[in-house]
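S.K.: Have a peek at entry-v5.csv (CSV, C-alpha atoms).
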```
chain,number,residue,atom,x,y,z
A,1,MET,CA,27.1,-56.7,-37.5
A,2,LYS,CA,23.8,-56.6,-39.5
A,3,ASN,CA,21.9,-54.6,-37.0
A,4,LEU,CA,22.6,-51.6,-34.7
A,5,VAL,CA,20.2,-50.7,-31.9
A,6,VAL,CA,20.8,-47.3,-30.2
A,7,GLY,CA,19.4,-47.3,-26.7
A,8,ALA,CA,19.1,-50.1,-24.2
A,9,GLY,CA,15.7,-49.1,-22.7
A,10,PHE,CA,12.6,-51.1,-23.3
A,11,SER,CA,12.2,-50.0,-26.9
A,12,GLY,CA,15.7,-51.0,-27.9
A,13,ALA,CA,15.9,-54.1,-25.8
A,14,VAL,CA,12.6,-55.5,-27.3
A,15,ILE,CA,13.7,-54.9,-30.9
A,16,ALA,CA,17.2,-56.4,-30.2
A,17,ASN,CA,15.7,-59.5,-28.6
A,18,LEU,CA,13.2,-60.1,-31.5
A,19,ILE,CA,15.9,-59.7,-34.2
A,20,ALA,CA,18.3,-62.0,-32.4
A,21,ASN,CA,15.8,-64.5,-31.3
A,22,GLU,CA,13.3,-64.7,-34.3
A,23,LEU,CA,15.5,-63.7,-37.2
A,24,GLY,CA,18.7,-65.3,-35.9
A,25,GLU,CA,20.7,-62.2,-36.8
A,26,ASP,CA,23.6,-60.4,-34.9
A,27,VAL,CA,22.7,-57.2,-33.1
A,28,LEU,CA,25.0,-54.6,-31.5
A,29,ILE,CA,23.0,-52.6,-28.9
A,30,ILE,CA,24.6,-49.5,-27.4
A,31,ASP,CA,23.7,-47.0,-24.8
A,32,LYS,CA,25.5,-43.8,-23.7
A,33,LYS,CA,24.3,-44.4,-20.1
A,34,PRO,CA,26.4,-46.7,-17.8
A,35,HIS,CA,23.5,-48.9,-17.1
A,36,LEU,CA,20.7,-50.9,-18.8
A,37,ALA,CA,16.9,-50.2,-18.9
A,38,GLY,CA,17.0,-46.5,-19.7
A,39,ASN,CA,14.7,-44.5,-17.4
A,40,CYS,CA,13.3,-47.7,-15.9
A,41,HIS,CA,16.7,-48.5,-14.4
A,42,ASP,CA,16.6,-49.8,-10.8
A,43,PHE,CA,19.1,-51.1,-8.3
A,44,ARG,CA,19.2,-52.4,-4.7
A,45,ASP,CA,20.8,-49.9,-2.3
A,46,LYS,CA,22.8,-50.6,0.8
A,47,ASN,CA,19.5,-51.0,2.8
A,48,GLY,CA,18.3,-53.7,0.5
A,49,ILE,CA,15.6,-51.4,-1.0
A,50,MET,CA,15.0,-51.5,-4.8
A,51,ILE,CA,15.4,-47.9,-5.9
A,52,HIS,CA,13.9,-46.6,-9.2
A,53,LYS,CA,16.6,-44.1,-10.2
A,54,TYR,CA,14.3,-42.1,-12.5
A,55,GLY,CA,11.0,-42.1,-10.5
A,56,SER,CA,8.4,-44.7,-9.9
A,57,HIS,CA,7.7,-47.2,-12.7
A,58,ILE,CA,4.6,-49.4,-12.4
A,59,PHE,CA,4.0,-51.9,-15.2
A,60,HIS,CA,0.4,-52.0,-16.4
A,61,THR,CA,-1.2,-53.2,-19.5
A,62,SER,CA,-4.4,-54.7,-21.0
A,63,ASP,CA,-2.6,-55.7,-24.1
A,64,GLU,CA,-2.3,-59.5,-24.1
A,65,SER,CA,0.5,-59.6,-26.6
A,66,VAL,CA,2.6,-57.2,-24.6
A,67,TRP,CA,2.0,-59.1,-21.4
A,68,ASN,CA,2.8,-62.5,-23.0
A,69,PHE,CA,6.0,-61.0,-24.3
A,70,ILE,CA,7.3,-59.3,-21.2
A,71,LYS,CA,6.6,-62.1,-18.7
A,72,GLN,CA,9.0,-64.3,-20.5
A,73,PHE,CA,11.9,-62.4,-19.0
A,74,GLY,CA,10.8,-62.1,-15.3
A,75,ASN,CA,8.1,-62.7,-12.7
A,76,PHE,CA,5.9,-59.9,-11.5
A,77,ASN,CA,4.2,-59.3,-8.2
A,78,ASN,CA,0.6,-58.1,-8.2
A,79,TYR,CA,1.2,-54.6,-6.9
A,80,GLN,CA,-1.8,-52.3,-7.6
A,81,HIS,CA,-0.7,-48.7,-7.8
A,82,LYS,CA,-2.6,-46.0,-5.8
A,83,VAL,CA,-1.8,-42.4,-5.6
A,84,ILE,CA,-2.6,-40.0,-2.8
A,85,GLY,CA,-2.9,-36.3,-3.3
A,86,ASP,CA,-2.3,-33.7,-0.6
A,87,ILE,CA,-5.0,-31.1,-1.3
A,88,ASP,CA,-4.7,-28.2,1.2
A,89,GLY,CA,-3.6,-30.7,3.8
A,90,VAL,CA,-6.3,-33.3,3.1
A,91,ARG,CA,-5.0,-36.6,1.9
A,92,THR,CA,-7.2,-38.2,-0.7
A,93,SER,CA,-7.3,-40.4,-3.8
A,94,ILE,CA,-5.9,-39.3,-7.2
A,95,PRO,CA,-7.4,-39.3,-9.7
A,96,PHE,CA,-10.5,-37.6,-8.3
A,97,ASN,CA,-13.2,-40.3,-7.8
A,98,LEU,CA,-16.4,-40.8,-5.8
A,99,ASN,CA,-14.5,-41.5,-2.6
A,100,THR,CA,-12.6,-38.2,-3.1
A,101,LEU,CA,-15.9,-36.3,-3.1
A,102,PHE,CA,-16.5,-37.2,0.6
A,103,ASP,CA,-12.9,-36.4,1.6
A,104,VAL,CA,-13.0,-32.8,0.3
A,105,PHE,CA,-16.6,-31.7,0.4
A,106,PRO,CA,-19.3,-31.5,3.1
A,107,GLU,CA,-21.3,-34.7,3.2
A,108,ASP,CA,-24.5,-33.2,1.8
A,109,LEU,CA,-22.7,-31.6,-1.2
A,110,ALA,CA,-20.7,-34.8,-1.8
A,111,MET,CA,-23.9,-36.9,-1.8
A,112,ARG,CA,-25.6,-34.5,-4.2
A,113,LEU,CA,-22.6,-34.5,-6.5
A,114,GLU,CA,-22.4,-38.3,-6.4
A,115,LYS,CA,-26.0,-38.7,-7.4
A,116,LYS,CA,-25.6,-36.2,-10.3
A,117,LEU,CA,-22.5,-37.9,-11.6
A,118,LEU,CA,-24.1,-41.3,-11.5
A,119,ASP,CA,-27.2,-40.0,-13.3
A,120,LEU,CA,-25.1,-38.4,-16.0
A,121,PHE,CA,-22.2,-40.9,-16.6
A,122,GLU,CA,-21.6,-44.6,-16.7
A,123,LEU,CA,-20.0,-46.2,-13.7
A,124,GLU,CA,-16.3,-46.8,-14.1
A,125,LYS,CA,-16.0,-44.1,-16.7
A,126,LYS,CA,-13.2,-41.5,-16.7
A,127,VAL,CA,-14.6,-38.1,-17.6
A,128,PRO,CA,-12.2,-35.2,-18.5
A,129,ILE,CA,-12.9,-32.1,-16.4
A,130,LEU,CA,-13.7,-30.1,-19.5
A,131,GLU,CA,-16.9,-32.0,-19.8
A,132,PHE,CA,-18.0,-30.7,-16.4
A,133,GLN,CA,-17.1,-27.1,-17.3
A,134,ASN,CA,-19.5,-27.4,-20.3
A,135,GLN,CA,-22.4,-28.6,-18.2
A,136,ASN,CA,-25.2,-26.1,-17.2
A,137,ASP,CA,-25.5,-27.6,-13.7
A,138,GLU,CA,-24.0,-25.3,-11.1
A,139,ASP,CA,-22.9,-28.1,-8.8
A,140,LEU,CA,-21.0,-29.8,-11.6
A,141,LYS,CA,-19.4,-26.5,-12.6
A,142,LEU,CA,-18.3,-26.1,-8.9
A,143,LEU,CA,-16.8,-29.5,-9.1
A,144,ALA,CA,-15.0,-28.8,-12.3
A,145,ASN,CA,-13.6,-25.5,-11.0
A,146,PHE,CA,-12.5,-27.2,-7.8
A,147,ILE,CA,-10.6,-29.9,-9.6
A,148,TYR,CA,-9.1,-27.5,-12.1
A,149,GLU,CA,-7.8,-25.2,-9.4
A,150,LYS,CA,-6.8,-27.7,-6.7
A,151,ILE,CA,-5.6,-30.6,-8.7
A,152,PHE,CA,-4.7,-29.3,-12.2
A,153,LEU,CA,-3.7,-25.7,-12.2
A,154,TYR,CA,-0.7,-25.4,-9.9
A,155,TYR,CA,0.4,-29.0,-10.5
A,156,THR,CA,0.4,-28.4,-14.3
A,157,THR,CA,2.3,-25.2,-13.9
A,158,LYS,CA,5.0,-27.0,-11.8
A,159,GLN,CA,5.1,-30.0,-14.2
A,160,TRP,CA,5.2,-28.1,-17.5
A,161,GLY,CA,6.6,-24.7,-16.5
A,162,VAL,CA,3.8,-22.8,-18.1
A,163,SER,CA,0.1,-22.0,-17.4
A,164,PRO,CA,-2.4,-24.7,-18.5
A,165,GLU,CA,-3.9,-22.7,-21.3
A,166,LYS,CA,-0.5,-22.9,-23.1
A,167,ILE,CA,-0.6,-26.7,-23.0
A,168,ASP,CA,-2.3,-29.0,-25.4
A,169,ASN,CA,-5.8,-30.2,-24.4
A,170,ALA,CA,-4.5,-33.8,-24.3
A,171,VAL,CA,-2.9,-32.9,-21.0
A,172,THR,CA,-6.3,-31.7,-19.6
A,173,ALA,CA,-7.8,-35.0,-20.6
A,174,ARG,CA,-5.3,-36.8,-18.4
A,175,VAL,CA,-7.0,-35.1,-15.3
A,176,PRO,CA,-10.3,-36.9,-15.2
A,177,VAL,CA,-13.0,-37.6,-12.6
A,178,PHE,CA,-13.3,-41.3,-12.2
A,179,ILE,CA,-16.9,-42.3,-11.7
A,180,SER,CA,-16.0,-45.1,-9.4
A,181,LYS,CA,-14.9,-46.1,-5.9
A,182,ASP,CA,-11.9,-47.9,-7.2
A,183,ASN,CA,-8.9,-46.1,-5.8
A,184,ARG,CA,-6.4,-47.7,-8.1
A,185,TYR,CA,-4.5,-45.4,-10.4
A,186,PHE,CA,-4.7,-47.9,-13.3
A,187,GLN,CA,-7.5,-50.3,-14.2
A,188,ASP,CA,-5.5,-52.5,-16.6
A,189,LYS,CA,-5.9,-56.3,-16.5
A,190,TYR,CA,-2.2,-56.9,-15.8
A,191,GLN,CA,-0.3,-54.8,-13.2
A,192,GLY,CA,2.8,-55.3,-11.1
A,193,ILE,CA,6.5,-54.8,-10.5
A,194,PRO,CA,9.1,-57.2,-11.7
A,195,ILE,CA,10.3,-59.1,-8.6
A,196,ASP,CA,14.0,-58.9,-9.6
A,197,GLY,CA,13.6,-55.4,-11.0
A,198,TYR,CA,13.4,-53.8,-14.4
A,199,THR,CA,17.2,-53.8,-14.9
A,200,LYS,CA,17.3,-57.6,-14.5
A,201,LEU,CA,14.3,-57.9,-16.8
A,202,VAL,CA,16.1,-56.0,-19.6
A,203,GLU,CA,19.3,-57.9,-18.9
A,204,ASN,CA,17.4,-61.2,-19.4
A,205,MET,CA,15.9,-59.8,-22.6
A,206,LEU,CA,19.4,-59.1,-23.9
A,207,ASN,CA,21.0,-62.4,-22.7
A,208,HIS,CA,21.3,-63.9,-26.2
A,209,PRO,CA,24.5,-65.1,-28.0
A,210,ASN,CA,23.6,-63.0,-31.1
A,211,ILE,CA,23.5,-59.8,-29.0
A,212,ASP,CA,26.6,-57.7,-28.2
A,213,LEU,CA,26.0,-54.9,-25.6
A,214,LYS,CA,28.2,-51.8,-25.2
A,215,LEU,CA,27.3,-49.3,-22.4
A,216,ASN,CA,28.9,-45.9,-22.0
A,217,THR,CA,28.9,-45.7,-25.8
A,218,ASP,CA,27.7,-42.8,-27.9
A,219,PHE,CA,26.2,-43.3,-31.4
A,220,LYS,CA,28.9,-41.0,-32.8
A,221,GLU,CA,31.5,-43.5,-31.6
A,222,ILE,CA,30.2,-46.3,-33.7
A,223,SER,CA,31.2,-46.9,-37.3
A,224,GLY,CA,29.3,-49.2,-39.7
A,225,PRO,CA,28.2,-50.2,-42.1
A,226,PHE,CA,25.0,-51.8,-40.7
A,227,ASP,CA,22.2,-53.3,-42.7
A,228,ARG,CA,19.7,-51.7,-40.3
A,229,ILE,CA,19.7,-49.1,-37.6
A,230,PHE,CA,17.1,-48.9,-34.9
A,231,TYR,CA,17.4,-45.5,-33.2
A,232,THR,CA,15.6,-44.8,-29.8
A,233,GLY,CA,17.5,-41.6,-29.1
A,234,ALA,CA,16.3,-38.1,-29.8
A,235,ILE,CA,15.3,-37.8,-33.5
A,236,ASP,CA,16.4,-34.1,-33.6
A,237,GLU,CA,19.8,-35.1,-32.3
A,238,PHE,CA,20.2,-37.8,-35.0
A,239,PHE,CA,19.7,-35.1,-37.6
A,240,GLY,CA,22.1,-32.6,-36.0
A,241,TYR,CA,19.2,-30.3,-34.9
A,242,GLU,CA,18.8,-29.3,-38.6
A,243,PHE,CA,15.3,-27.8,-38.0
A,244,GLY,CA,15.8,-26.8,-34.4
A,245,GLN,CA,15.8,-28.5,-31.0
A,246,LEU,CA,12.6,-30.3,-29.9
A,247,PRO,CA,11.5,-29.0,-26.5
A,248,TYR,CA,11.3,-31.4,-23.5
A,249,ARG,CA,10.7,-31.1,-19.7
A,250,SER,CA,13.2,-32.7,-17.5
A,251,VAL,CA,13.0,-34.0,-13.9
A,252,ASN,CA,15.3,-33.8,-11.0
A,253,PHE,CA,15.0,-36.3,-8.2
A,254,LYS,CA,16.3,-35.3,-4.7
A,255,PHE,CA,16.9,-38.6,-2.8
A,256,GLU,CA,16.7,-38.6,1.0
A,257,GLU,CA,17.2,-41.4,3.5
A,258,TYR,CA,15.5,-41.7,6.8
A,259,ASP,CA,16.2,-43.7,9.9
A,260,LYS,CA,12.6,-44.9,10.2
A,261,GLU,CA,10.6,-47.8,8.6
A,262,PHE,CA,8.3,-45.5,6.5
A,263,TYR,CA,8.3,-41.8,5.6
A,264,GLN,CA,4.7,-41.6,4.2
A,265,GLU,CA,1.6,-43.8,4.1
A,266,ASN,CA,1.8,-44.6,0.4
A,267,ALA,CA,4.3,-45.2,-2.4
A,268,VAL,CA,3.5,-41.9,-4.1
A,269,VAL,CA,2.0,-38.8,-2.7
A,270,ASN,CA,1.3,-35.9,-5.0
A,271,TYR,CA,1.4,-32.2,-4.0
A,272,PRO,CA,-1.0,-30.4,-6.4
A,273,THR,CA,-1.6,-27.3,-4.1
A,274,SER,CA,1.7,-26.9,-2.2
A,275,GLU,CA,5.5,-27.5,-2.3
A,276,ASP,CA,7.9,-26.8,-5.1
A,277,PHE,CA,8.1,-30.5,-5.9
A,278,THR,CA,5.3,-32.4,-7.7
A,279,ARG,CA,5.4,-35.6,-5.7
A,280,ILE,CA,7.3,-37.9,-3.3
A,281,HIS,CA,8.2,-41.5,-4.1
A,282,GLU,CA,8.9,-44.0,-1.4
A,283,TYR,CA,10.3,-47.1,-3.1
A,284,LYS,CA,10.1,-49.9,-0.5
A,285,TYR,CA,6.3,-50.2,-1.0
A,286,TYR,CA,6.7,-51.7,-4.5
A,287,LEU,CA,8.3,-55.0,-3.6
A,288,GLY,CA,7.6,-55.0,0.1
A,289,ASP,CA,11.3,-54.5,0.9
A,290,LYS,CA,12.0,-54.9,4.6
A,291,SER,CA,14.4,-52.4,6.3
A,292,ASN,CA,14.5,-50.2,9.4
A,293,ARG,CA,15.4,-47.3,7.1
A,294,THR,CA,13.6,-45.9,4.1
A,295,VAL,CA,14.5,-43.9,1.0
A,296,ILE,CA,12.4,-41.3,-0.7
A,297,ALA,CA,12.7,-39.1,-3.8
A,298,LYS,CA,11.2,-35.7,-4.1
A,299,GLU,CA,10.5,-35.0,-7.8
A,300,PHE,CA,11.2,-31.5,-9.2
A,301,SER,CA,10.2,-30.7,-12.8
A,302,GLU,CA,12.5,-28.5,-14.7
A,303,SER,CA,13.4,-27.3,-18.2
A,304,PHE,CA,15.5,-29.6,-20.4
A,305,GLU,CA,18.9,-28.1,-21.2
A,306,LEU,CA,21.1,-29.9,-23.6
A,307,GLY,CA,24.2,-31.4,-21.9
A,308,LYS,CA,22.9,-30.5,-18.4
A,309,ASN,CA,20.0,-32.9,-17.7
A,310,GLU,CA,17.9,-35.7,-19.2
A,311,ARG,CA,15.0,-35.5,-21.7
A,312,PHE,CA,11.8,-36.8,-20.0
A,313,TYR,CA,8.5,-35.5,-21.3
A,314,PRO,CA,7.9,-34.2,-24.9
A,315,ILE,CA,6.0,-30.9,-24.4
A,316,PRO,CA,2.5,-31.3,-26.0
A,317,LYS,CA,2.1,-28.2,-28.1
A,318,LYS,CA,1.1,-27.8,-31.8
A,319,GLU,CA,4.3,-26.0,-32.8
A,320,ASN,CA,6.4,-28.8,-31.2
A,321,PHE,CA,4.5,-31.5,-33.1
A,322,ASP,CA,4.9,-29.5,-36.3
A,323,LEU,CA,8.7,-29.4,-35.7
A,324,TYR,CA,8.8,-33.1,-35.0
A,325,ASN,CA,6.9,-33.8,-38.2
A,326,LYS,CA,9.7,-32.1,-40.2
A,327,TYR,CA,12.1,-34.6,-38.7
A,328,LEU,CA,9.6,-37.4,-39.3
A,329,GLU,CA,9.4,-36.5,-43.0
A,330,LYS,CA,13.2,-36.4,-43.3
A,331,SER,CA,13.5,-39.8,-41.6
A,332,LYS,CA,11.3,-41.3,-44.3
A,333,THR,CA,14.1,-40.5,-46.9
A,334,LEU,CA,16.5,-42.9,-45.1
A,335,LYS,CA,16.6,-46.5,-46.0
A,336,ASN,CA,16.6,-49.1,-43.2
A,337,VAL,CA,16.8,-46.6,-40.4
A,338,TYR,CA,13.9,-47.0,-37.9
A,339,PHE,CA,13.0,-44.5,-35.2
A,340,LEU,CA,11.0,-45.6,-32.1
A,341,GLY,CA,10.6,-45.0,-28.4
A,342,ARG,CA,9.8,-41.9,-26.5
A,343,LEU,CA,12.6,-39.8,-28.0
A,344,GLY,CA,12.6,-41.3,-31.4
A,345,ASP,CA,8.8,-40.8,-31.8
A,346,TYR,CA,8.6,-37.6,-29.7
A,347,LYS,CA,5.7,-39.2,-27.8
A,348,TYR,CA,5.1,-40.0,-24.2
A,349,TYR,CA,4.9,-43.7,-23.8
A,350,ASP,CA,4.0,-45.8,-20.8
A,351,MET,CA,6.2,-49.0,-20.7
A,352,ASP,CA,3.6,-51.2,-22.3
A,353,LYS,CA,3.1,-48.7,-25.2
A,354,ALA,CA,6.8,-48.6,-25.8
A,355,ILE,CA,6.9,-52.4,-25.9
A,356,ALA,CA,3.8,-52.5,-28.2
A,357,ARG,CA,5.5,-50.0,-30.5
A,358,ALA,CA,8.7,-52.1,-30.7
A,359,LEU,CA,6.6,-55.2,-31.4
A,360,SER,CA,4.9,-53.3,-34.2
A,361,VAL,CA,8.1,-52.1,-35.8
A,362,PHE,CA,9.4,-55.7,-35.8
A,363,LYS,CA,6.2,-56.9,-37.4
A,364,GLU,CA,6.6,-54.4,-40.2
A,365,LEU,CA,10.2,-55.4,-40.6
A,366,LYS,CA,9.3,-59.0,-41.1
A,367,CYS,CA,6.8,-58.0,-43.8
A,368,VAL,CA,9.5,-56.1,-45.8
```
Using structure tokens, write down the structure that the file contains.
M.R.:
Amino acid sequence: MKNLVVGAGFSGAVIANLIANELGEDVLIIDKKPHLAGNCHDFRDKNGIMIHKYGSHIFHTSDESVWNFIKQFGNFNNYQHKVIGDIDGVRTSIPFNLNTLFDVFPEDLAMRLEKKLLDLFELEKKVPILEFQNQNDEDLKLLANFIYEKIFLYYTTKQWGVSPEKIDNAVTARVPVFISKDNRYFQDKYQGIPIDGYTKLVENMLNHPNIDLKLNTDFKEISGPFDRIFYTGAIDEFFGYEFGQLPYRSVNFKFEEYDKEFYQENAVVNYPTSEDFTRIHEYKYYLGDKSNRTVIAKEFSESFELGKNERFYPIPKKENFDLYNKYLEKSKTLKNVYFLGRLGDYKYYDMDKAIARALSVFKELKCV
């Protein structure tokens, strides 16, 4: 084999497909999990409901090259994701937008805030809450404090296990006020769910005579030599934790089945001010699955412990990025070993960004 790809999620599957299809070279792709598609893995349960094993995955992108690539391997519906937040018992749109104002504030205050927001900011702009905290206007400061306390503070503490001031400001920037009445969570040009599921999409990507797939296979079990290695696993694990272990948050999903058509009014409901879990996913909304029963998953955030649970989210703190950079510098001393993906790059990627990164790595490869 000329090429070894470690990890059969989107990052690994894209690079394997491109090498096999465009370069005409053999590829061995391995994954220690028993299934394809990494954390995007889905399957139909006994009720005929497509279950996302590791939480909701909604494909969205405005990147034409990513969309043109991915749609070769499956058809998508036009699902437009919306998130509802339960704020002290009031169900309203997340992220906070102009409609949310009227759900949580008295009408006269909501109207006053709406006018001030429209006077200050462009329509359809997402404004980080820190910008409001820096304003002199008392109403806008009230708004910023409300969003910080009711949407950001407790939710962030649950999600990351620490108080917000100990987290990088990039996390705060992900909690904006959306100056719009568009309740969609994403505004990308292309959005949807693959009709046959993400697992089938990745299976189609790897359906090539030059690709050999081995699941339930650890990197340590494979002997080379290989001309190239593409590693989408944890970069600190690759180097035997030489500089220390990179911190992650993990997620535990508690699945529950109910003898009713629907459990809640929306695919995802966030709980920023109550409950121990961060949100509830109800999967049958994504593909419009018909069943008299429904399946939900309550999402609990927890610390990552090696050998106990899965790495999900790199923790955005300066000291963690400094540690990652030590591994990054060491990786540059290796010839023909490429690191990519969420774990290889120690970066949170949406699916489209993971695909774009793999396309970029392949482009660089062709230029060598």
S.K.: Between CA of Val251 in chain A and CA of Ser301 in chain A, measure the distance and give it in Å to one decimal.
M.R.: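 Interatomic distance here is 4.5 Å.
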S.K.: Kindly give the distance, in Å, that separates CA of Asp352 in chain A and CA of Lys189 in chain A, rounded to a single decimal.
M.R.: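 Between CA of Asp352 in chain A and CA of Lys189 in chain A the gap works out to 12.2 Å.
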S.K.: So that I can check the surroundings of Gly12 in chain A, please list as number ranges by chain every protein, DNA and RNA residue that reaches within 9 Å of it, counting all atoms listed in the file and ignoring chain neighbours fewer than 3 positions away.
M.R.: A: 5-9, 15-17, 29, 230-232, 340-341, 358
S.K.: What does the distance from CA of Lys254 in chain A to CA of Val269 in chain A come to in Å, to one decimal?
M.R.: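 Computing the Euclidean distance for CA of Lys254 in chain A and CA of Val269 in chain A yields 14.9 Å.
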S.K.: Find the residues around range 141-158 of chain A up to 9 Å (all atoms listed in the file counted), leave out those fewer than 3 positions away in its own chain, and share them as a PyMOL selection string.
M.R.: chain A and resi 85+87-88+94-96+113+129-138+161-164+167+171-172+175-177+270-274+276-278+300-302
S.K.: Compile the contact shell of Arg112 in chain A as a list in words: residues with an atom at most 10 Å away, counting all atoms listed in the file, same-chain residues fewer than 3 positions apart removed.
M.R.: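 Residues near the query, excluding close chain neighbours: Leu101, Glu107, Asp108, Leu109, Lys115, Lys116, Leu117, Asp139 and Leu140 of chain A.
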S.K.: Export, as an mmCIF file, in the frame of the given file, the selected residues with C-alpha atoms.
M.R.:
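Result saved to selection30.cif:
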```cif
data_model
loop_
_atom_site.group_PDB
_atom_site.id
_atom_site.type_symbol
_atom_site.label_atom_id
_atom_site.label_comp_id
_atom_site.auth_asym_id
_atom_site.auth_seq_id
_atom_site.Cartn_x
_atom_site.Cartn_y
_atom_site.Cartn_z
ATOM 1 C CA LEU A 101 -15.900 -36.300 -3.100
ATOM 2 C CA GLU A 107 -21.300 -34.700 3.200
ATOM 3 C CA ASP A 108 -24.500 -33.200 1.800
ATOM 4 C CA LEU A 109 -22.700 -31.600 -1.200
ATOM 5 C CA LYS A 115 -26.000 -38.700 -7.400
ATOM 6 C CA LYS A 116 -25.600 -36.200 -10.300
ATOM 7 C CA LEU A 117 -22.500 -37.900 -11.600
ATOM 8 C CA ASP A 139 -22.900 -28.100 -8.800
ATOM 9 C CA LEU A 140 -21.000 -29.800 -11.600
#
```
S.K.: Counting all atoms listed in the file, figure out which residue out of A:Leu323, A:Ile193, A:Ile84, A:Ile229 gets nearest to Glu242 in chain A.
M.R.: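 Once distances to Glu242 in chain A are computed over all atoms listed in the file, the minimum belongs to A:Leu323.
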S.K.: For range 58-74 of chain A, work out the shell of residues within 7 Å, counting all atoms listed in the file and skipping chain neighbours fewer than 5 positions away, then give it as a list in words.
M.R.: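 My reading of the contact set: Asp188, Lys189, Tyr190, Gln191, Gly192, Ile193, Pro194, Leu201, Asn204, Met205, Met351, Asp352, Ile355 and Ala356 of chain A.
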S.K.: So, counting only C-alpha atoms, which residue among A:Glu305, A:Glu122, A:Glu299, A:Glu265 is closest to Thr92 in chain A?
M.R.: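 Of A:Glu305, A:Glu122, A:Glu299, A:Glu265, the one nearest Thr92 in chain A is A:Glu265, counting only C-alpha atoms.
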S.K.: Identify which of the residues A:Gly224, A:Asp350, A:Asn336, A:Tyr263 lies closest to Leu365 in chain A, counting all atoms listed in the file when measuring atom-to-atom distances.
M.R.: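 Among the listed residues, the smallest separation from Leu365 in chain A belongs to A:Asn336.
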S.K.: Given all atoms listed in the file as the basis, pick out the residue of A:Phe10, A:Met111, A:Ile51, A:Ala354 nearest to Tyr285 in chain A.
M.R.: A:Ile51
